[in-house]
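Next comes work_31.pdb, with PDB, C-alpha atoms and all ligand atoms.
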MODEL        1
ATOM      1  CA  MET A   1     224.811  88.313 233.655
ATOM      2  CA  ALA A   2     228.088  87.311 235.249
ATOM      3  CA  GLU A   3     230.174  84.658 233.574
ATOM      4  CA  ASP A   4     230.440  81.434 235.529
ATOM      5  CA  CYS A   5     227.416  82.319 237.676
ATOM      6  CA  VAL A   6     225.192  79.269 237.940
ATOM      7  CA  PHE A   7     222.047  81.291 238.672
ATOM      8  CA  CYS A   8     222.630  83.670 235.736
ATOM      9  CA  LYS A   9     223.010  80.625 233.483
ATOM     10  CA  ILE A  10     219.813  79.028 234.784
ATOM     11  CA  GLY A  11     217.950  82.332 234.338
ATOM     12  CA  LEU A  12     219.095  82.546 230.719
ATOM     13  CA  GLY A  13     218.210  78.914 230.064
ATOM     14  CA  GLU A  14     221.856  77.972 229.481
ATOM     15  CA  ILE A  15     221.554  75.312 232.180
ATOM     16  CA  PRO A  16     218.382  73.270 231.876
ATOM     17  CA  GLY A  17     216.252  73.513 234.954
ATOM     18  CA  GLU A  18     212.707  73.523 236.057
ATOM     19  CA  LEU A  19     211.651  77.154 235.923
ATOM     20  CA  LEU A  20     208.588  77.270 238.147
ATOM     21  CA  TYR A  21     207.969  80.955 237.582
ATOM     22  CA  SER A  22     209.553  83.927 235.864
ATOM     23  CA  ASP A  23     208.790  87.578 235.223
ATOM     24  CA  ASP A  24     210.816  90.639 234.220
ATOM     25  CA  LEU A  25     212.584  90.864 237.565
ATOM     26  CA  ALA A  26     212.927  87.390 239.029
ATOM     27  CA  PHE A  27     212.530  83.672 238.511
ATOM     28  CA  VAL A  28     211.947  80.646 240.747
ATOM     29  CA  ILE A  29     213.508  77.176 240.746
ATOM     30  CA  ARG A  30     213.579  74.212 243.107
ATOM     31  CA  ASP A  31     216.755  73.896 245.133
ATOM     32  CA  ILE A  32     218.906  71.056 243.787
ATOM     33  CA  ASN A  33     219.801  69.983 247.342
ATOM     34  CA  PRO A  34     216.617  70.636 249.330
ATOM     35  CA  LYS A  35     216.869  71.368 253.056
ATOM     36  CA  ALA A  36     213.113  70.994 253.568
ATOM     37  CA  PRO A  37     210.354  68.964 251.843
ATOM     38  CA  THR A  38     209.646  72.065 249.737
ATOM     39  CA  HIS A  39     212.652  74.261 249.011
ATOM     40  CA  LEU A  40     212.397  76.985 246.364
ATOM     41  CA  LEU A  41     214.794  79.748 245.390
ATOM     42  CA  VAL A  42     213.543  83.170 244.288
ATOM     43  CA  ILE A  43     216.343  84.662 242.211
ATOM     44  CA  PRO A  44     216.606  88.159 240.704
ATOM     45  CA  SER A  45     217.293  88.077 236.942
ATOM     46  CA  GLU A  46     219.892  90.772 237.456
ATOM     47  CA  HIS A  47     223.224  89.535 238.823
ATOM     48  CA  VAL A  48     223.404  91.071 242.290
ATOM     49  CA  THR A  49     225.913  89.315 244.497
ATOM     50  CA  TYR A  50     225.135  90.046 248.125
ATOM     51  CA  LEU A  51     222.499  91.714 250.218
ATOM     52  CA  THR A  52     225.229  94.165 251.187
ATOM     53  CA  SER A  53     225.389  95.205 247.497
ATOM     54  CA  PHE A  54     221.826  96.471 247.685
ATOM     55  CA  ASN A  55     221.010 100.116 248.070
ATOM     56  CA  GLN A  56     217.684 101.907 248.065
ATOM     57  CA  ASP A  57     217.522 101.723 244.247
ATOM     58  CA  ARG A  58     216.743  98.059 244.649
ATOM     59  CA  GLU A  59     214.295  98.297 247.500
ATOM     60  CA  ALA A  60     211.474  97.526 245.073
ATOM     61  CA  LEU A  61     213.262  94.408 243.816
ATOM     62  CA  LEU A  62     213.546  93.006 247.342
ATOM     63  CA  GLY A  63     209.873  93.702 247.948
ATOM     64  CA  HIS A  64     209.026  92.010 244.661
ATOM     65  CA  MET A  65     211.032  88.924 245.624
ATOM     66  CA  VAL A  66     209.099  88.614 248.876
ATOM     67  CA  LEU A  67     205.770  88.892 247.048
ATOM     68  CA  VAL A  68     206.869  86.251 244.501
ATOM     69  CA  ALA A  69     207.895  84.012 247.418
ATOM     70  CA  ARG A  70     204.503  84.470 249.011
ATOM     71  CA  GLU A  71     202.745  83.631 245.740
ATOM     72  CA  MET A  72     204.885  80.533 245.195
ATOM     73  CA  ALA A  73     204.295  79.370 248.772
ATOM     74  CA  GLN A  74     200.586  79.675 248.094
ATOM     75  CA  ARG A  75     200.900  77.665 244.849
ATOM     76  CA  GLU A  76     202.921  74.980 246.613
ATOM     77  CA  GLY A  77     200.264  74.621 249.310
ATOM     78  CA  LEU A  78     202.376  76.083 252.111
ATOM     79  CA  ALA A  79     200.235  79.091 252.987
ATOM     80  CA  GLU A  80     198.213  77.342 255.687
ATOM     81  CA  SER A  81     200.928  75.206 257.242
ATOM     82  CA  GLY A  82     203.591  77.908 257.189
ATOM     83  CA  TYR A  83     207.026  78.424 255.709
ATOM     84  CA  ARG A  84     210.256  80.340 256.178
ATOM     85  CA  LEU A  85     211.997  82.891 253.959
ATOM     86  CA  VAL A  86     215.791  83.100 254.263
ATOM     87  CA  ILE A  87     218.508  85.218 252.673
ATOM     88  CA  ASN A  88     222.040  84.105 253.436
ATOM     89  CA  GLN A  89     224.644  86.851 253.517
ATOM     90  CA  GLY A  90     228.344  86.050 253.545
ATOM     91  CA  SER A  91     230.495  83.297 254.932
ATOM     92  CA  ASP A  92     229.060  82.835 258.440
ATOM     93  CA  SER A  93     225.635  82.224 256.900
ATOM     94  CA  GLY A  94     227.075  79.554 254.613
ATOM     95  CA  GLN A  95     226.152  81.461 251.436
ATOM     96  CA  GLU A  96     227.372  79.246 248.595
ATOM     97  CA  VAL A  97     226.195  81.066 245.488
ATOM     98  CA  PRO A  98     227.229  84.734 245.168
ATOM     99  CA  HIS A  99     224.052  85.726 243.313
ATOM    100  CA  LEU A 100     221.483  86.916 245.821
ATOM    101  CA  HIS A 101     218.467  84.659 246.317
ATOM    102  CA  LEU A 102     215.605  84.144 248.695
ATOM    103  CA  HIS A 103     215.030  80.630 250.041
ATOM    104  CA  VAL A 104     211.439  79.459 250.567
ATOM    105  CA  LEU A 105     211.378  76.518 252.976
ATOM    106  CA  GLY A 106     208.350  74.536 254.087
ATOM    107  CA  GLY A 107     206.306  71.387 253.729
ATOM    108  CA  GLY A 108     207.199  70.058 257.183
ATOM    109  CA  ARG A 109     208.266  71.183 260.625
ATOM    110  CA  LEU A 110     211.465  73.224 260.181
ATOM    111  CA  SER A 111     214.353  72.951 262.599
ATOM    112  CA  VAL A 112     215.307  75.867 264.808
ATOM    113  CA  MET A 113     217.535  78.407 263.092
ATOM    114  CA  GLY A 114     221.162  79.029 263.863
TER     115      GLY A 114
HETATM  116  P1  LIG B 201     223.147  79.705 249.596
HETATM  117  O1  LIG B 201     223.878  78.785 250.525
HETATM  118  O2  LIG B 201     224.090  80.416 248.657
HETATM  119  O3  LIG B 201     222.220  80.646 250.316
HETATM  120  O4  LIG B 201     222.195  78.795 248.745
HETATM  121  C1  LIG B 201     222.515  78.309 247.485
HETATM  122  C2  LIG B 201     221.549  77.205 247.186
HETATM  123  O5  LIG B 201     221.578  76.951 245.790
HETATM  124  C3  LIG B 201     221.889  75.896 247.896
HETATM  125  O6  LIG B 201     220.791  75.523 248.713
HETATM  126  C4  LIG B 201     222.150  74.917 246.756
HETATM  127  O7  LIG B 201     221.636  73.638 247.022
HETATM  128  C5  LIG B 201     221.452  75.577 245.574
HETATM  129  N1  LIG B 201     222.067  75.318 244.275
HETATM  130  C6  LIG B 201     223.388  75.418 243.972
HETATM  131  N2  LIG B 201     223.603  75.123 242.669
HETATM  132  C7  LIG B 201     222.385  74.857 242.142
HETATM  133  C8  LIG B 201     221.947  74.467 240.824
HETATM  134  O8  LIG B 201     222.715  74.321 239.872
HETATM  135  N3  LIG B 201     220.599  74.268 240.662
HETATM  136  C9  LIG B 201     219.710  74.432 241.674
HETATM  137  N4  LIG B 201     218.423  74.207 241.391
HETATM  138  N5  LIG B 201     220.089  74.785 242.933
HETATM  139  C10 LIG B 201     221.405  74.985 243.149
HETATM  140 ZN    ZN B 202     224.483  85.680 238.599
ENDMDL
END
As structure tokens - that is how I would like this structure written.
Ligand code: 5GP
Ligand code: ZN
Amino acid sequence: MAEDCVFCKIGLGEIPGELLYSDDLAFVIRDINPKAPTHLLVIPSEHVTYLTSFNQDREALLGHMVLVAREMAQREGLAESGYRLVINQGSDSGQEVPHLHLHVLGGGRLSVMG
């Protein structure tokens, strides 16, 4: 938990939000400002800021996040049509929230990256 971190607060229920999924390691919410018809965020419960803060200790957490994303994509009906997983890292990526998260984007044809 980091004070003033919006994702830590959502994870702890301090900010009301639609928790679509949660387990010991991660939880899932809908993005408040969706960039695709379906836009989910897979967020580790632990406050980790950036991908660059990860070391091999957390390899399993990253793998878990990808599996949760895959499961949520299935539940949201995206498995057949396809979807995109994105992690933004740092300023050039436009990362807004310094608590690592995995975007799940789908539900329509996605624009080209970059
Ligand atoms: P980033 O640009 O850091 O990779 O993505 C942060 C995402 O979090 C953005 O897409 C933004 O819309 C979303 N977001 C920021 N604040 C909130 C919030 O309070 N609730 C939810 N559900 N999403 C948020
Ligand atoms: Zn946090």
_Residues matched by the PyMOL selection byres (((not hetatm)) within 10 of (chain B and resi 202)), written as number ranges by chain_ = A: 1-11, 43-49, 97-101
Quick one: write out the picked residues with C-alpha atoms as a PDB file, keeping the file's coordinate frame?
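Below you can see out-v7.pdb, which holds the result:
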ATOM      1  CA  MET A   1     224.811  88.313 233.655  1.00  0.00           C
ATOM      2  CA  ALA A   2     228.088  87.311 235.249  1.00  0.00           C
ATOM      3  CA  GLU A   3     230.174  84.658 233.574  1.00  0.00           C
ATOM      4  CA  ASP A   4     230.440  81.434 235.529  1.00  0.00           C
ATOM      5  CA  CYS A   5     227.416  82.319 237.676  1.00  0.00           C
ATOM      6  CA  VAL A   6     225.192  79.269 237.940  1.00  0.00           C
ATOM      7  CA  PHE A   7     222.047  81.291 238.672  1.00  0.00           C
ATOM      8  CA  CYS A   8     222.630  83.670 235.736  1.00  0.00           C
ATOM      9  CA  LYS A   9     223.010  80.625 233.483  1.00  0.00           C
ATOM     10  CA  ILE A  10     219.813  79.028 234.784  1.00  0.00           C
ATOM     11  CA  GLY A  11     217.950  82.332 234.338  1.00  0.00           C
ATOM     12  CA  ILE A  43     216.343  84.662 242.211  1.00  0.00           C
ATOM     13  CA  PRO A  44     216.606  88.159 240.704  1.00  0.00           C
ATOM     14  CA  SER A  45     217.293  88.077 236.942  1.00  0.00           C
ATOM     15  CA  GLU A  46     219.892  90.772 237.456  1.00  0.00           C
ATOM     16  CA  HIS A  47     223.224  89.535 238.823  1.00  0.00           C
ATOM     17  CA  VAL A  48     223.404  91.071 242.290  1.00  0.00           C
ATOM     18  CA  THR A  49     225.913  89.315 244.497  1.00  0.00           C
ATOM     19  CA  VAL A  97     226.195  81.066 245.488  1.00  0.00           C
ATOM     20  CA  PRO A  98     227.229  84.734 245.168  1.00  0.00           C
ATOM     21  CA  HIS A  99     224.052  85.726 243.313  1.00  0.00           C
ATOM     22  CA  LEU A 100     221.483  86.916 245.821  1.00  0.00           C
ATOM     23  CA  HIS A 101     218.467  84.659 246.317  1.00  0.00           C
TER      24      HIS A 101
END
_For a cutoff of 10 Å around the file-coordinate point (204.7, 76.5, 250.6), which residues qualify once you count all atoms listed in the file? I'd like the result as a ChimeraX atom specification._
/A:37-40,69-84,104-108
Mind working out the centre and edge lengths of an axis-aligned box for stretch 32-35 of chain A, all listed atoms inside, 6 Å added to each side, rounded to one decimal in Å and written as AutoDock Vina command-line options?
--center_x 218.2 --center_y 70.7 --center_z 248.4 --size_x 15.2 --size_y 13.4 --size_z 21.3
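With distances restricted to only C-alpha atoms and all ligand atoms, A:Ile87 is the closest residue to ligand LIG 201 (chain B) from A:Leu61, A:Ile87, A:Val42, A:Leu20.
Atom CA of A:Asn55 to atom CA of A:Asp23 spans 21.7 Å [interatomic distance, one decimal].
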Each residue of chain A lying at most 6 Å from ligand LIG 201 (chain B) should get a row with its shortest atom-to-atom pair and the distance in Å to one decimal, counting all atoms listed in the file; could you produce that, ordered by chain and increasing number, as a Markdown table?
| residue | atom | partner | partner_atom | distance |
| --- | --- | --- | --- | --- |
| A:Val6 | CA | B:LIG201 | O8 | 5.9 |
| A:Ile29 | CA | B:LIG201 | N4 | 5.8 |
| A:Arg30 | CA | B:LIG201 | N4 | 5.1 |
| A:Asp31 | CA | B:LIG201 | N5 | 4.1 |
| A:Ile32 | CA | B:LIG201 | N4 | 4.0 |
| A:Asn33 | CA | B:LIG201 | O7 | 4.1 |
| A:Asn88 | CA | B:LIG201 | O3 | 4.7 |
| A:Gly94 | CA | B:LIG201 | O1 | 5.2 |
| A:Gln95 | CA | B:LIG201 | O2 | 3.6 |
| A:Glu96 | CA | B:LIG201 | O2 | 3.5 |
| A:Val97 | CA | B:LIG201 | O2 | 3.9 |
*Would you mind reading off the distance between atom CA of A:Thr52 and atom CA of A:Val28, one decimal, in Å?*
21.6 Å
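Here atom CA of A:Tyr21 and atom CA of A:Ala36 stand 19.5 Å from one another.
With distances taken over only C-alpha atoms, A:Leu25 is the one residue among A:Leu12, A:Leu25, A:Met113, A:Leu19 lying closest to A:Ala60.
Each of A:Ala26, A:Leu41, A:Val112, A:Ile15 was compared to A:Val86 using only C-alpha atoms, and A:Leu41 turns out to be the nearest.
Nearest residue to A:Phe54 among A:His103, A:Phe27, A:Leu67, A:Gln89 is A:Gln89, counting all atoms listed in the file.
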